[in-house]
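Below is the file data_2.txt, which contains compact mmCIF, C-alpha atoms (C1' of nucleotides).
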# COMPACT_ATOMS: atom_id res chain seq x y z
CA MET A 1 62.11 45.13 113.65
CA LYS A 2 63.47 48.66 113.97
CA ALA A 3 66.92 49.83 113.18
CA PRO A 4 69.08 50.63 116.20
CA ALA A 5 68.71 54.19 117.35
CA SER A 6 72.41 55.02 117.23
CA ALA A 7 72.53 53.80 113.71
CA PRO A 8 75.06 54.96 111.14
CA THR A 9 77.58 52.10 111.55
CA PRO A 10 76.16 49.02 109.80
CA GLY A 11 77.49 45.50 109.56
CA SER A 12 80.18 43.92 111.65
CA VAL A 13 83.24 45.48 110.02
CA ALA A 14 85.00 48.10 112.11
CA GLU A 15 84.57 51.52 110.51
CA PRO A 16 85.88 54.93 111.40
CA PRO A 17 83.23 56.86 113.30
CA GLU A 18 81.42 59.46 111.24
CA PRO A 19 83.28 62.72 111.89
CA ARG A 20 81.42 65.27 113.97
CA TRP A 21 81.22 67.90 111.23
CA LEU A 22 80.58 71.50 112.15
CA THR A 23 77.00 72.68 111.83
CA ASP A 24 76.32 75.66 109.61
CA ASP A 25 76.18 77.89 112.64
CA GLU A 26 79.46 76.56 113.92
CA GLN A 27 81.05 77.02 110.52
CA ARG A 28 79.98 80.63 110.45
CA VAL A 29 81.47 81.20 113.88
CA TRP A 30 84.70 79.52 112.89
CA ARG A 31 85.00 81.52 109.72
CA SER A 32 84.39 84.79 111.46
CA PHE A 33 86.97 83.81 113.98
CA MET A 34 89.64 82.96 111.45
CA GLU A 35 88.92 86.03 109.37
CA GLY A 36 88.98 88.33 112.35
CA VAL A 37 92.20 86.88 113.67
CA THR A 38 93.90 86.96 110.28
CA LEU A 39 92.94 90.55 109.61
CA LEU A 40 93.77 91.68 113.12
CA ASP A 41 97.16 90.00 113.05
CA ASP A 42 97.92 91.58 109.73
CA HIS A 43 96.74 94.97 110.91
CA LEU A 44 98.77 95.04 114.11
CA ASP A 45 101.87 93.60 112.50
CA ARG A 46 101.72 96.28 109.90
CA GLN A 47 101.12 99.07 112.35
CA LEU A 48 104.06 98.01 114.49
CA GLN A 49 106.35 97.28 111.59
CA ARG A 50 105.71 100.78 110.34
CA ASP A 51 105.90 102.64 113.66
CA ALA A 52 108.26 100.51 115.73
CA GLY A 53 110.23 98.57 113.15
CA MET A 54 109.34 95.15 114.48
CA PRO A 55 106.57 92.57 114.23
CA HIS A 56 103.88 92.25 116.86
CA VAL A 57 105.44 89.21 118.52
CA TYR A 58 108.73 91.02 119.05
CA TYR A 59 106.93 93.99 120.51
CA GLY A 60 105.18 91.63 122.90
CA LEU A 61 108.55 90.32 124.05
CA LEU A 62 109.73 93.81 124.93
CA VAL A 63 106.51 94.37 126.87
CA LYS A 64 107.01 91.21 128.91
CA LEU A 65 110.56 92.25 129.71
CA ALA A 66 109.50 95.75 130.69
CA GLU A 67 107.03 94.29 133.17
CA ALA A 68 109.47 91.83 134.72
CA PRO A 69 111.51 92.61 137.84
CA ARG A 70 114.80 94.21 136.84
CA ARG A 71 113.50 94.14 133.26
CA ARG A 72 114.89 90.69 132.67
CA LEU A 73 113.63 87.16 132.17
CA ARG A 74 115.11 83.76 131.60
CA MET A 75 114.70 82.61 128.01
CA THR A 76 112.39 79.73 128.77
CA GLU A 77 110.32 81.88 131.10
CA LEU A 78 109.91 84.47 128.36
CA ALA A 79 109.03 81.81 125.81
CA MET A 80 106.37 80.52 128.17
CA LEU A 81 104.87 83.95 128.73
CA ALA A 82 104.82 84.64 125.01
CA LYS A 83 103.54 81.13 124.19
CA ILE A 84 106.24 80.49 121.61
CA THR A 85 109.09 78.03 121.13
CA ARG A 86 112.52 78.62 122.56
CA SER A 87 113.97 78.36 119.09
CA ARG A 88 111.77 81.13 117.83
CA LEU A 89 112.67 83.18 120.85
CA SER A 90 116.39 82.65 120.31
CA HIS A 91 116.14 84.05 116.81
CA ALA A 92 113.93 86.90 117.93
CA ILE A 93 116.22 87.93 120.77
CA ALA A 94 119.18 87.77 118.42
CA ARG A 95 117.49 90.28 116.17
CA LEU A 96 116.40 92.55 119.05
CA GLU A 97 119.93 92.39 120.41
CA LYS A 98 121.24 93.54 117.05
CA ASN A 99 118.90 96.52 117.37
CA GLY A 100 120.29 97.31 120.79
CA TRP A 101 116.88 96.86 122.44
CA VAL A 102 117.75 93.74 124.38
CA ARG A 103 120.97 92.40 125.82
CA ARG A 104 121.80 88.89 127.00
CA GLU A 105 123.25 88.13 130.39
CA ASP A 106 124.52 84.90 131.85
CA CYS A 107 122.60 83.43 134.73
CA PRO A 108 124.84 83.12 137.77
CA ASP A 109 122.86 80.26 139.33
CA ASP A 110 122.68 78.07 136.26
CA LYS A 111 125.43 78.16 133.71
CA ARG A 112 123.09 76.89 131.01
CA GLY A 113 120.77 79.81 131.59
CA GLN A 114 120.49 83.14 129.84
CA PHE A 115 118.66 86.29 130.80
CA ALA A 116 117.16 88.53 128.18
CA VAL A 117 117.42 92.08 129.51
CA LEU A 118 115.58 95.10 128.17
CA THR A 119 118.03 97.93 127.50
CA ASN A 120 117.28 101.58 128.06
CA GLU A 121 117.08 102.01 124.32
CA GLY A 122 114.56 99.19 124.21
CA TYR A 123 112.54 100.76 126.96
CA GLU A 124 112.60 104.05 125.11
CA VAL A 125 111.29 102.47 121.90
CA LEU A 126 108.49 100.95 123.92
CA ARG A 127 107.63 104.25 125.59
CA GLN A 128 107.43 106.01 122.27
CA THR A 129 105.44 103.41 120.39
CA ALA A 130 103.10 102.12 123.07
CA PRO A 131 100.48 104.85 122.61
CA GLY A 132 100.14 104.16 118.91
CA HIS A 133 99.85 100.45 119.49
CA VAL A 134 97.24 100.80 122.22
CA GLU A 135 95.28 103.09 119.98
CA ALA A 136 95.35 100.53 117.17
CA VAL A 137 94.12 97.81 119.51
CA ARG A 138 91.37 100.07 120.82
CA GLN A 139 90.17 101.03 117.38
CA ALA A 140 90.18 97.49 116.10
CA VAL A 141 88.74 95.76 119.14
CA PHE A 142 87.63 97.50 122.30
CA ASP A 143 85.95 100.52 120.76
CA ARG A 144 83.71 98.19 118.78
CA LEU A 145 82.56 95.93 121.59
CA THR A 146 80.13 96.45 124.44
CA PRO A 147 81.45 95.87 127.97
CA GLU A 148 79.53 92.58 128.03
CA GLN A 149 81.15 91.48 124.79
CA GLN A 150 84.58 92.40 126.10
CA LYS A 151 84.00 90.36 129.20
CA SER A 152 82.66 87.48 127.19
CA LEU A 153 85.60 87.56 124.80
CA GLY A 154 87.98 87.44 127.73
CA GLU A 155 86.28 84.42 129.23
CA ILE A 156 86.07 82.56 125.95
CA MET A 157 89.68 83.10 125.01
CA ARG A 158 90.87 82.22 128.48
CA ILE A 159 89.01 78.93 128.22
CA ILE A 160 90.57 78.19 124.85
CA ALA A 161 94.03 79.16 126.03
CA GLU A 162 93.80 77.05 129.14
CA GLY A 163 92.46 74.11 127.19
CA LEU A 164 95.57 74.17 125.06
CA GLN A 165 98.02 74.19 127.93
CA PRO A 166 96.83 71.39 130.22
CA ALA A 167 98.56 70.87 133.53
CA GLU A 168 99.42 67.25 132.71
CA ALA A 169 102.98 66.29 131.91
CA GLY A 170 103.65 65.40 128.30
CA ALA A 171 101.55 68.17 126.80
CA ASP A 172 102.95 69.47 123.53
CA LEU A 173 103.65 73.03 124.60
CA PRO A 174 105.72 75.29 122.35
CA TRP A 175 108.22 76.34 125.00
CA LEU A 176 108.99 72.72 125.87
CA ARG A 177 109.78 71.67 122.32
CA MET B 1 89.66 129.06 141.28
CA LYS B 2 89.16 125.48 140.28
CA ALA B 3 91.11 123.57 137.71
CA PRO B 4 89.21 122.88 134.48
CA ALA B 5 87.25 119.67 134.61
CA SER B 6 88.87 118.11 131.54
CA ALA B 7 92.22 118.84 133.00
CA PRO B 8 95.39 117.03 132.08
CA THR B 9 96.67 119.42 129.42
CA PRO B 10 98.08 122.51 131.14
CA GLY B 11 99.48 125.69 129.67
CA SER B 12 99.17 126.90 126.12
CA VAL B 13 101.69 124.58 124.47
CA ALA B 14 100.20 121.92 122.23
CA GLU B 15 100.77 118.48 123.74
CA PRO B 16 99.97 115.01 122.52
CA PRO B 17 96.76 113.79 124.08
CA GLU B 18 97.22 111.34 126.95
CA PRO B 19 96.93 107.90 125.37
CA ARG B 20 93.82 105.95 126.24
CA TRP B 21 95.62 103.13 128.04
CA LEU B 22 93.86 99.84 128.54
CA THR B 23 92.28 99.31 131.93
CA ASP B 24 93.35 96.28 133.94
CA ASP B 25 90.24 94.44 132.83
CA GLU B 26 90.89 95.28 129.21
CA GLN B 27 94.49 94.17 129.52
CA ARG B 28 93.40 90.83 130.89
CA VAL B 29 91.00 90.39 128.00
CA TRP B 30 93.64 91.33 125.49
CA ARG B 31 96.20 88.98 126.98
CA SER B 32 93.80 86.07 127.02
CA PHE B 33 92.96 86.84 123.45
CA MET B 34 96.55 86.92 122.26
CA GLU B 35 97.47 83.82 124.23
CA GLY B 36 94.50 81.87 122.99
CA VAL B 37 95.10 82.85 119.40
CA THR B 38 98.82 82.10 119.57
CA LEU B 39 98.30 78.68 121.12
CA LEU B 40 95.44 77.81 118.81
CA ASP B 41 97.37 78.82 115.71
CA ASP B 42 100.31 76.77 116.83
CA HIS B 43 98.11 73.80 117.66
CA LEU B 44 96.27 73.72 114.35
CA ASP B 45 99.36 74.39 112.28
CA ARG B 46 101.06 71.51 113.97
CA GLN B 47 98.15 69.16 113.60
CA LEU B 48 97.83 69.89 109.90
CA GLN B 49 101.53 69.89 109.23
CA ARG B 50 101.69 66.44 110.77
CA ASP B 51 98.56 64.95 109.20
CA ALA B 52 98.24 66.82 105.92
CA GLY B 53 101.75 68.10 105.25
CA MET B 54 100.80 71.74 105.01
CA PRO B 55 100.20 74.74 107.25
CA HIS B 56 96.74 75.83 108.28
CA VAL B 57 96.57 78.68 105.79
CA TYR B 58 97.31 76.37 102.87
CA TYR B 59 94.66 73.97 104.04
CA GLY B 60 92.23 76.87 104.16
CA LEU B 61 93.00 77.65 100.54
CA LEU B 62 92.15 74.13 99.46
CA VAL B 63 88.88 74.38 101.38
CA LYS B 64 87.92 77.59 99.62
CA LEU B 65 88.68 76.02 96.26
CA ALA B 66 86.68 72.90 97.10
CA GLU B 67 83.66 75.05 97.87
CA ALA B 68 83.90 77.18 94.76
CA PRO B 69 82.00 76.41 91.56
CA ARG B 70 84.07 74.12 89.35
CA ARG B 71 86.59 74.03 92.20
CA ARG B 72 88.39 77.08 90.91
CA LEU B 73 88.89 80.69 91.86
CA ARG B 74 90.70 83.69 90.48
CA MET B 75 93.83 84.48 92.44
CA THR B 76 92.63 87.81 93.78
CA GLU B 77 89.26 86.35 94.69
CA LEU B 78 90.96 83.59 96.64
CA ALA B 79 93.27 86.05 98.36
CA MET B 80 90.22 88.07 99.38
CA LEU B 81 88.41 85.05 100.78
CA ALA B 82 91.50 83.97 102.71
CA LYS B 83 92.27 87.54 103.83
CA ILE B 84 95.85 87.38 102.66
CA THR B 85 98.05 89.22 100.17
CA ARG B 86 98.30 88.19 96.55
CA SER B 87 102.02 87.78 96.95
CA ARG B 88 101.57 85.34 99.77
CA LEU B 89 98.98 83.51 97.73
CA SER B 90 101.28 83.29 94.72
CA HIS B 91 103.92 81.56 96.82
CA ALA B 92 101.39 79.30 98.48
CA ILE B 93 99.82 78.20 95.21
CA ALA B 94 103.26 77.57 93.76
CA ARG B 95 103.97 75.18 96.58
CA LEU B 96 100.55 73.49 96.39
CA GLU B 97 101.02 73.13 92.66
CA LYS B 98 104.35 71.41 93.27
CA ASN B 99 102.45 68.97 95.48
CA GLY B 100 99.98 68.32 92.70
CA TRP B 101 97.06 69.55 94.79
CA VAL B 102 96.34 72.65 92.76
CA ARG B 103 96.82 73.54 89.14
CA ARG B 104 96.83 76.93 87.45
CA GLU B 105 94.68 77.78 84.48
CA ASP B 106 94.58 80.86 82.32
CA CYS B 107 91.48 82.98 82.45
CA PRO B 108 89.90 83.23 79.01
CA ASP B 109 88.19 86.56 79.69
CA ASP B 110 91.18 88.39 81.10
CA LYS B 111 94.62 87.52 79.86
CA ARG B 112 96.17 88.81 83.07
CA GLY B 113 94.06 86.47 85.12
CA GLN B 114 94.80 83.07 86.57
CA PHE B 115 92.56 80.46 88.07
CA ALA B 116 93.73 78.26 90.87
CA VAL B 117 92.04 74.89 90.39
CA LEU B 118 91.80 72.13 92.97
CA THR B 119 93.00 68.85 91.45
CA ASN B 120 91.49 65.49 92.24
CA GLU B 121 94.58 64.70 94.29
CA GLY B 122 94.02 67.90 96.22
CA TYR B 123 90.41 67.03 96.80
CA GLU B 124 91.45 63.61 97.99
CA VAL B 125 93.91 65.03 100.51
CA LEU B 126 91.15 67.25 101.79
CA ARG B 127 88.72 64.38 102.09
CA GLN B 128 91.17 62.32 104.07
CA THR B 129 92.36 65.02 106.42
CA ALA B 130 89.18 67.01 107.02
CA PRO B 131 87.87 64.75 109.80
CA GLY B 132 91.05 65.09 111.83
CA HIS B 133 91.08 68.82 111.39
CA VAL B 134 87.45 69.27 112.37
CA GLU B 135 88.09 67.13 115.41
CA ALA B 136 91.02 69.31 116.44
CA VAL B 137 88.92 72.45 116.08
CA ARG B 138 86.10 70.90 118.07
CA GLN B 139 88.35 69.80 120.88
CA ALA B 140 90.12 73.11 121.13
CA VAL B 141 87.14 75.39 120.70
CA PHE B 142 83.56 74.23 120.32
CA ASP B 143 83.56 71.44 122.85
CA ARG B 144 84.67 73.90 125.51
CA LEU B 145 82.12 76.62 124.90
CA THR B 146 78.44 76.87 125.70
CA PRO B 147 76.09 77.57 122.78
CA GLU B 148 75.76 81.14 124.06
CA GLN B 149 79.51 81.58 124.10
CA GLN B 150 79.79 80.19 120.60
CA LYS B 151 77.19 82.62 119.38
CA SER B 152 78.86 85.46 121.21
CA LEU B 153 82.26 84.59 119.81
CA GLY B 154 80.84 84.59 116.32
CA GLU B 155 79.29 88.01 116.74
CA ILE B 156 82.38 89.52 118.30
CA MET B 157 84.77 88.24 115.69
CA ARG B 158 82.46 89.24 112.88
CA ILE B 159 82.45 92.78 114.26
CA ILE B 160 86.22 92.86 114.46
CA ALA B 161 86.62 91.40 110.99
CA GLU B 162 84.18 93.85 109.46
CA GLY B 163 85.80 96.75 111.23
CA LEU B 164 89.08 95.90 109.58
CA GLN B 165 87.71 95.74 106.06
CA PRO B 166 85.70 98.94 105.67
CA ALA B 167 83.75 99.51 102.49
CA GLU B 168 85.54 102.80 101.76
CA ALA B 169 88.09 103.01 98.99
CA GLY B 170 91.68 103.35 100.07
CA ALA B 171 91.47 100.87 102.91
CA ASP B 172 94.71 98.94 103.42
CA LEU B 173 93.44 95.47 102.68
CA PRO B 174 95.91 92.64 102.21
CA TRP B 175 94.59 91.45 98.87
CA LEU B 176 94.85 94.94 97.38
CA ARG B 177 98.47 95.44 98.32
C1' DG C 1 133.38 59.91 141.06
C1' DG C 2 131.01 57.99 136.85
C1' DC C 3 126.96 57.32 134.36
C1' DC C 4 122.75 58.54 132.37
C1' DC C 5 118.92 61.32 131.48
C1' DC C 6 116.99 65.63 131.36
C1' DT C 7 116.90 70.75 130.85
C1' DC C 8 118.55 75.12 128.66
C1' DC C 9 119.53 77.34 124.81
C1' DT C 10 121.53 77.79 120.21
C1' DT C 11 122.35 76.69 115.40
C1' DG C 12 121.75 75.95 110.34
C1' DA C 13 118.78 74.48 106.77
C1' DA C 14 114.32 74.42 104.85
C1' DC C 15 110.24 76.67 104.51
C1' DT C 16 106.96 80.63 104.75
C1' DT C 17 105.92 85.47 104.70
C1' DT C 18 106.76 90.30 103.70
C1' DA C 19 108.17 94.19 101.00
C1' DA C 20 109.29 96.30 96.87
C1' DA C 21 109.65 96.23 92.12
C1' DC C 22 107.99 94.71 87.81
C1' DA C 23 105.63 93.10 83.24
C1' DA C 24 101.55 92.57 80.99
C1' DA C 25 96.80 93.50 80.19
C1' DT C 26 92.85 96.33 80.98
C1' DG C 27 90.04 100.35 80.91
C1' DC C 28 89.33 105.07 80.72
C1' DC C 29 89.69 109.60 78.82
C1' DC C 30 90.51 112.37 75.21
C1' DG D 1 93.67 105.24 68.18
C1' DG D 2 97.09 107.05 71.79
C1' DG D 3 98.28 107.92 76.37
C1' DC D 4 98.02 106.91 81.18
C1' DA D 5 96.55 105.21 85.48
C1' DT D 6 94.92 100.90 87.40
C1' DT D 7 94.45 96.00 87.94
C1' DT D 8 96.44 91.32 87.96
C1' DG D 9 99.69 88.35 89.21
C1' DT D 10 104.56 87.13 89.70
C1' DT D 11 109.32 87.61 91.14
C1' DT D 12 113.37 88.65 93.94
C1' DA D 13 115.52 89.38 98.25
C1' DA D 14 115.19 89.97 103.04
C1' DA D 15 113.02 88.76 107.25
C1' DG D 16 110.80 85.51 110.19
C1' DT D 17 109.53 80.71 111.62
C1' DT D 18 109.91 75.75 111.98
C1' DC D 19 112.33 71.57 112.29
C1' DA D 20 115.93 68.55 113.61
C1' DA D 21 120.17 68.25 115.67
C1' DG D 22 123.53 69.20 119.08
C1' DG D 23 126.65 71.26 122.92
C1' DA D 24 126.86 72.12 127.54
C1' DG D 25 125.41 71.99 132.25
C1' DG D 26 122.45 70.07 136.05
C1' DG D 27 120.87 66.40 138.94
C1' DG D 28 119.89 61.90 140.41
C1' DC D 29 121.52 57.21 141.10
C1' DC D 30 124.90 53.68 141.76
Take the structure in the file and write it out as structure tokens.
Amino acid sequence: MKAPASAPTPGSVAEPPEPRWLTDDEQRVWRSFMEGVTLLDDHLDRQLQRDAGMPHVYYGLLVKLAEAPRRRLRMTELAMLAKITRSRLSHAIARLEKNGWVRREDCPDDKRGQFAVLTNEGYEVLRQTAPGHVEAVRQAVFDRLTPEQQKSLGEIMRIIAEGLQPAEAGADLPWLR
Amino acid sequence: MKAPASAPTPGSVAEPPEPRWLTDDEQRVWRSFMEGVTLLDDHLDRQLQRDAGMPHVYYGLLVKLAEAPRRRLRMTELAMLAKITRSRLSHAIARLEKNGWVRREDCPDDKRGQFAVLTNEGYEVLRQTAPGHVEAVRQAVFDRLTPEQQKSLGEIMRIIAEGLQPAEAGADLPWLR
DNA sequence: GGCCCCTCCTTGAACTTTAAACAAATGCCC
DNA sequence: GGGCATTTGTTTAAAGTTCAAGGAGGGGCC
């Protein structure tokens, strides 16, 4: 009599299923991914800290504001765009406000609401530091990849991003915590 | 008379070169990348904080130690493998030591040196939490990508990672700071 | 209106990371 | 050996992030 084909769980006792370990190939991919992300994060944070006096995330917030109509966004909306928690955003905006780059405004429609508004000074910082930042991103990423790789990277990361923010209610999304 | 073909710098005054802005396609790629990375980082940090009581980076340190001969590594070597600064590593190991998951040992050959050694308790934590972590990584990444995309992602991120740690002396690498 | 639940945003404490400075040991050059 | 730059790792303080809690307003339901 042959052993069952789907074998590794013997006996009648309930056992945890054997974890689906990563293959060697998958491990190599995952390691490259983590190393690349870690180094890139470090690199861009450092570049922006040096040239713009703020971390990458904060810079990203100013960019979102600059692109928004009337250069303003509700806090939760901004948190959602930046994929961060509202708490983190509150602290970040507080610091950017202290720098004079952002100002808060009450929302007339909803007294709980706050707008974060990009100031002229904030816009000016962005204008002056954007070229250096773009250049850093180019050097580190786009200049090294073929057009096919760029396209592929975009698709892959979009899939991952969308997978982590499912449409269903009850998803554990940072800006809803 | 026609304008020069490579035109945008007029007159004889030296001007900064027009920055090489990202095209719309490139911007979309870059945004997907940042969003995916931000959400993934958040997701894994949260999963590990909940199930293993430590952030993703700390978990990664334990993994590196588990894979090393005699489950130990010199501090700088570990920082290099994890792509982080020695300062950050010092703090991290201090905390892991407080948890009893890592222990420090003097290096006999170099009195400045320290080994970080994975304890049996640390190994045990790893053994118990690894399946959950692998599962999270699978769900978020590998299960969503075709084999071609996985391969592509590996190549792309390896290129980026290598680009950020050039062989030349004087490179600004975290573990040399 | 009164009640309850939910959303919006902030706060303070604990924790993690960065930045700068430092002590000790090494290694090199003479 | 003596001097000096470099390497190794830690430490302190400041900055940033997470976590849990909470105040205040909105909105539905009775």
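Interatomic distance, atom CA of A:Met54 against atom CA of A:Ile93: 11.8 Å.
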Show me which bits of chain A are within 12 Å of chain C, counting all atoms listed in the file, as a CSV table (one decimal) with C-alpha atoms, in the frame of the given file.
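Below is the file iface-v9.csv, written as the result:
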chain,number,residue,atom,x,y,z
A,42,ASP,CA,97.9,91.6,109.7
A,45,ASP,CA,101.9,93.6,112.5
A,46,ARG,CA,101.7,96.3,109.9
A,49,GLN,CA,106.4,97.3,111.6
A,50,ARG,CA,105.7,100.8,110.3
A,55,PRO,CA,106.6,92.6,114.2
A,74,ARG,CA,115.1,83.8,131.6
A,75,MET,CA,114.7,82.6,128.0
A,76,THR,CA,112.4,79.7,128.8
A,77,GLU,CA,110.3,81.9,131.1
A,79,ALA,CA,109.0,81.8,125.8
A,85,THR,CA,109.1,78.0,121.1
A,86,ARG,CA,112.5,78.6,122.6
A,87,SER,CA,114.0,78.4,119.1
A,88,ARG,CA,111.8,81.1,117.8
A,89,LEU,CA,112.7,83.2,120.8
A,90,SER,CA,116.4,82.6,120.3
A,91,HIS,CA,116.1,84.0,116.8
A,93,ILE,CA,116.2,87.9,120.8
A,94,ALA,CA,119.2,87.8,118.4
A,104,ARG,CA,121.8,88.9,127.0
A,106,ASP,CA,124.5,84.9,131.8
A,107,CYS,CA,122.6,83.4,134.7
A,110,ASP,CA,122.7,78.1,136.3
A,111,LYS,CA,125.4,78.2,133.7
A,112,ARG,CA,123.1,76.9,131.0
A,113,GLY,CA,120.8,79.8,131.6
A,114,GLN,CA,120.5,83.1,129.8
A,115,PHE,CA,118.7,86.3,130.8
A,116,ALA,CA,117.2,88.5,128.2
A,175,TRP,CA,108.2,76.3,125.0
A,176,LEU,CA,109.0,72.7,125.9
A,177,ARG,CA,109.8,71.7,122.3
State, in Å with one decimal place, the distance from atom CA of A:Asp25 to atom CA of B:Ala161.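 Going from atom CA of A:Asp25 over to atom CA of B:Ala161 covers 17.2 Å.
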Which residues of chain A are close to chain B, meaning at most 9 Å apart when you count all atoms listed in the file, and how do they look as a ChimeraX atom specification? /A:18-22,25-26,28-40,42-43,81-84,130-132,134-135,137-142,144-145,149-165,172-174
Please indicate the distance in Å from atom CA of A:Leu96 to atom CA of A:Met80, rounded to one decimal place.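 Straight-line distance from atom CA of A:Leu96 to atom CA of A:Met80 works out to 18.1 Å.
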Could you write out as a ChimeraX atom specification the residues of chain D within 12 Å of chain B, counting all atoms listed in the file? /D:6-12,17-19
Go ahead and write the selection's residues with C-alpha atoms (C1' of nucleotides) as a tab-separated table (two decimals), in the frame of the given file.
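Dumped everything to part_2.tsv:
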chain	number	residue	atom	x	y	z
D	6	DT	C1'	94.92	100.90	87.40
D	7	DT	C1'	94.45	96.00	87.94
D	8	DT	C1'	96.44	91.32	87.96
D	9	DG	C1'	99.69	88.35	89.21
D	10	DT	C1'	104.56	87.13	89.70
D	11	DT	C1'	109.32	87.61	91.14
D	12	DT	C1'	113.37	88.65	93.94
D	17	DT	C1'	109.53	80.71	111.62
D	18	DT	C1'	109.91	75.75	111.98
D	19	DC	C1'	112.33	71.57	112.29
Could you complete stretch 166-172 of chain B so that it carries all heavy atoms, and give it back as a tab-separated table (two decimals), in the coordinates of the input?
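Final output, selection.tsv:
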chain	number	residue	atom	x	y	z
B	166	PRO	N	86.74	97.96	105.94
B	166	PRO	CA	85.70	98.94	105.67
B	166	PRO	C	85.40	99.03	104.18
B	166	PRO	O	86.26	98.72	103.35
B	166	PRO	CB	86.31	100.25	106.18
B	166	PRO	CG	87.77	100.04	106.13
B	166	PRO	CD	87.99	98.59	106.38
B	167	ALA	N	84.18	99.44	103.88
B	167	ALA	CA	83.75	99.51	102.49
B	167	ALA	C	84.48	100.61	101.72
B	167	ALA	O	84.69	100.50	100.51
B	167	ALA	CB	82.24	99.76	102.44
B	168	GLU	N	84.91	101.64	102.43
B	168	GLU	CA	85.54	102.80	101.76
B	168	GLU	C	86.69	102.38	100.84
B	168	GLU	O	87.38	101.41	101.10
B	168	GLU	CB	86.14	103.75	102.81
B	168	GLU	CG	85.34	103.90	104.07
B	168	GLU	CD	86.27	104.12	105.27
B	168	GLU	OE1	87.44	104.49	105.04
B	168	GLU	OE2	85.81	103.92	106.40
B	169	ALA	N	86.90	103.20	99.81
B	169	ALA	CA	88.09	103.01	98.99
B	169	ALA	C	89.30	103.44	99.79
B	169	ALA	O	89.21	104.24	100.72
B	169	ALA	CB	87.95	103.83	97.71
B	170	GLY	N	90.46	102.92	99.41
B	170	GLY	CA	91.68	103.35	100.07
B	170	GLY	C	92.00	102.61	101.34
B	170	GLY	O	93.03	102.89	101.97
B	171	ALA	N	91.16	101.67	101.73
B	171	ALA	CA	91.47	100.87	102.91
B	171	ALA	C	92.66	99.96	102.61
B	171	ALA	O	92.81	99.48	101.48
B	171	ALA	CB	90.25	100.05	103.31
B	172	ASP	N	93.48	99.73	103.62
B	172	ASP	CA	94.71	98.94	103.42
B	172	ASP	C	94.43	97.46	103.58
B	172	ASP	O	94.75	96.85	104.59
B	172	ASP	CB	95.76	99.42	104.44
B	172	ASP	CG	97.02	98.58	104.32
B	172	ASP	OD1	97.38	98.20	103.20
B	172	ASP	OD2	97.64	98.31	105.38
